[in-house]
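Structure first, commentary second.
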Amino acid sequence: MGTFIGGLTGLLFGLGLIVSGMVLPTKVLGFLDLAGAWDPSLALVMAGAIAVGLPAFTLARRRRETFLGLQMQLPQSSVIDRRLVGGSLLFGIGWGLAGLCPGPALVVAGAGGAKALGFVAAMVAGMAVFERLERR
Amino acid sequence: MTLNWTAFTPGAALAGGALIGLAAALLILLGGRIAGISGILGGLLRRVPGERAWRAAFIGGLLLSPWLYGLIAEPVATQMDAGWPTVLAAGVIVGIGTRYGAGCTSGHGVCGLSRLSVRSAVATGTFMAAGFATVFVARHLF
């Protein structure tokens, strides 16, 4: 798969995160704080992303190959199990504690944020723990 | 519930969201891959032939995006209110959780909901609920 497409889409994705405000932990926490002074902005980030994503993925599901002739790899699993729910619960707790999810953490780390860099290092360590447990 | 109208930025939120959607659309329609950040980053810890280069390039693009943005607009803010112990603990559980749950805000949230996947909707509902509950406990109970 093309390195160029990877780099280009990563760059675009990051710019989207920056423009949307998702890279600001205070803004993310303002969205997650339903009982405080609620900032609904992030719901619109999701709405804007899905408005573009929905037609694209609808088209993708009808194709076996991409427009560049590469294999279309859409997730096949529809399993709802303890791994999915437990993992998502853990992720949500971490997201609520720091106000960062993986994409924004990488962007802010790229901008030179020391704490975001620490968050990314800890996140990669957590992912490595997962790989270890999976291989046993 | 009270709305924080001064913090509300609907235009930037929609425009930024559309850019995120465009990136995910280009990656699936041209590359055939899902723009899920935790999967792309976590996948780099495995030796999968043919998948490493694009994943590394995507992460590189994310890391360089604030530099490109800084050329045309004000620099990206980097301050975080959470203390170091919280930041590191949160990082570890986000790392473990997103891999067990097979996705985060991008993979399940943006791409999964765009695919109308029930599995991703359950994951998104779960991590949103956990996020709401965590902030409630941290801000209003302690």
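Labels used: A, B, ... for chains in the order of the structure tokens, numbers from 1 for residues in each chain, and numbers from 1 for ligands as shown.
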Shell around region 83-97 of chain A at 8 Å using only C-alpha atoms, local window under 2 positions removed, as a PyMOL selection string: (chain A and resi 29+32+80-81+99-101) or (chain B and resi 82+86-87+89-91+93-104+122-124+126-135+138)
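Listed by chain and then by rising number, the residues of chain A that DSSP assigns to strand (DSSP E or B) from the backbone are A:Ala37, A:Trp38, A:Glu65, A:Gln71.
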File of the preceding selection, C-alpha atoms, as a compact mmCIF listing (two decimals), in the first residue's frame:
```txt
# COMPACT_ATOMS: atom_id res chain seq x y z
CA ALA A 37 -21.00 24.13 31.18
CA TRP A 38 -21.33 21.83 28.19
CA GLU A 65 -10.61 -2.92 -5.26
CA GLN A 71 -7.40 -4.67 -2.24
```
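Using only C-alpha atoms, the nearest neighbour of Gly10 (chain A) within the list B:Ala77, B:Leu63, B:Ala7, B:Met1 is B:Leu63.
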Near-Leu74 (chain A) list (8 Å; only C-alpha atoms; drop same-chain fewer than 5 positions) as a JSON list (two decimals) with N, CA and C atoms, in the first residue's frame:
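Okay, this is what ended up in selection-v4.json:
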```json
[["chain", "number", "residue", "atom", "x", "y", "z"],
["A", 61, "ARG", "N", -17.87, -0.11, 0.20],
["A", 61, "ARG", "CA", -18.43, -1.44, 0.47],
["A", 61, "ARG", "C", -18.88, -2.14, -0.81],
["B", 32, "GLY", "N", -7.63, 1.51, 0.49],
["B", 32, "GLY", "CA", -8.35, 0.32, 0.95],
["B", 32, "GLY", "C", -8.14, 0.02, 2.43],
["B", 33, "ARG", "N", -7.72, 1.02, 3.21],
["B", 33, "ARG", "CA", -7.47, 0.79, 4.63],
["B", 33, "ARG", "C", -8.31, 1.74, 5.50],
["B", 34, "ILE", "N", -8.56, 1.30, 6.74],
["B", 34, "ILE", "CA", -9.36, 2.06, 7.69],
["B", 34, "ILE", "C", -8.47, 3.06, 8.43]]
```
Contact residues around Thr78 (chain B) with only C-alpha atoms at 8 Å, ignoring same-chain residues under 2 positions, as a PyMOL selection string: (chain A and resi 24+108-109+111-114+116) or (chain B and resi 76+80)
Sort by chain and increasing residue number a table of all residues of region 11-115 of chain A within 10 Å of region 55-60 of chain B, each with its closest pair of atoms and their distance in Å to one decimal, counting only C-alpha atoms, and write it as CSV.
```
residue,atom,partner,partner_atom,distance
A:Leu11,CA,B:Phe58,CA,7.2
A:Leu12,CA,B:Phe58,CA,9.6
A:Phe13,CA,B:Phe58,CA,9.0
A:Gly14,CA,B:Ile59,CA,9.4
A:Gly103,CA,B:Ile59,CA,8.9
A:Leu106,CA,B:Ile59,CA,7.7
A:Val107,CA,B:Ile59,CA,9.1
A:Gly110,CA,B:Gly60,CA,8.9
```
Expected answer as a PyMOL selection string: helix (DSSP H, G or I) residues in chain A: chain A and resi 3-20+25-32+41-61+82-98+102-110+114-135
Residue contacts of region 13-16 of chain B (6 Å, only C-alpha atoms) excluding same-chain residues fewer than 6 positions away, as a ChimeraX atom specification: /A:16,19-20,41,44-45,48
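Nearest residue to chain A, choosing from B:Val48, B:Val110, B:Ala121, B:Leu71 and counting only C-alpha atoms: B:Val110.
Nearest to Leu70 (chain A) of all the residues B:Leu29, B:Ala18, B:Ala12, B:Leu3 is B:Leu29, counting only C-alpha atoms.
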Spatial neighbours of Val79 (chain A), max dist 10 Å, only C-alpha atoms, sep filter under 5 positions, as JSON, numbers by chain: {"A": [84], "B": [118, 119, 120]}
Restricted to N, CA and C atoms, what would the selected residues look like written as a PDB file, in the first residue's frame?
```pdb
ATOM      1  N   LEU A  84     -14.510  -6.197  23.321  1.00  0.00           N
ATOM      2  CA  LEU A  84     -14.925  -4.933  22.700  1.00  0.00           C
ATOM      3  C   LEU A  84     -15.409  -3.933  23.753  1.00  0.00           C
TER       4      LEU A  84
ATOM      5  N   VAL B 118     -22.758  -1.952  13.615  1.00  0.00           N
ATOM      6  CA  VAL B 118     -23.356  -2.031  14.948  1.00  0.00           C
ATOM      7  C   VAL B 118     -22.271  -2.235  16.005  1.00  0.00           C
ATOM      8  N   ARG B 119     -21.275  -3.081  15.656  1.00  0.00           N
ATOM      9  CA  ARG B 119     -20.148  -3.336  16.567  1.00  0.00           C
ATOM     10  C   ARG B 119     -19.455  -2.024  16.942  1.00  0.00           C
ATOM     11  N   SER B 120     -19.191  -1.181  15.930  1.00  0.00           N
ATOM     12  CA  SER B 120     -18.530   0.099  16.193  1.00  0.00           C
ATOM     13  C   SER B 120     -19.440   1.057  16.955  1.00  0.00           C
TER      14      SER B 120
END
```
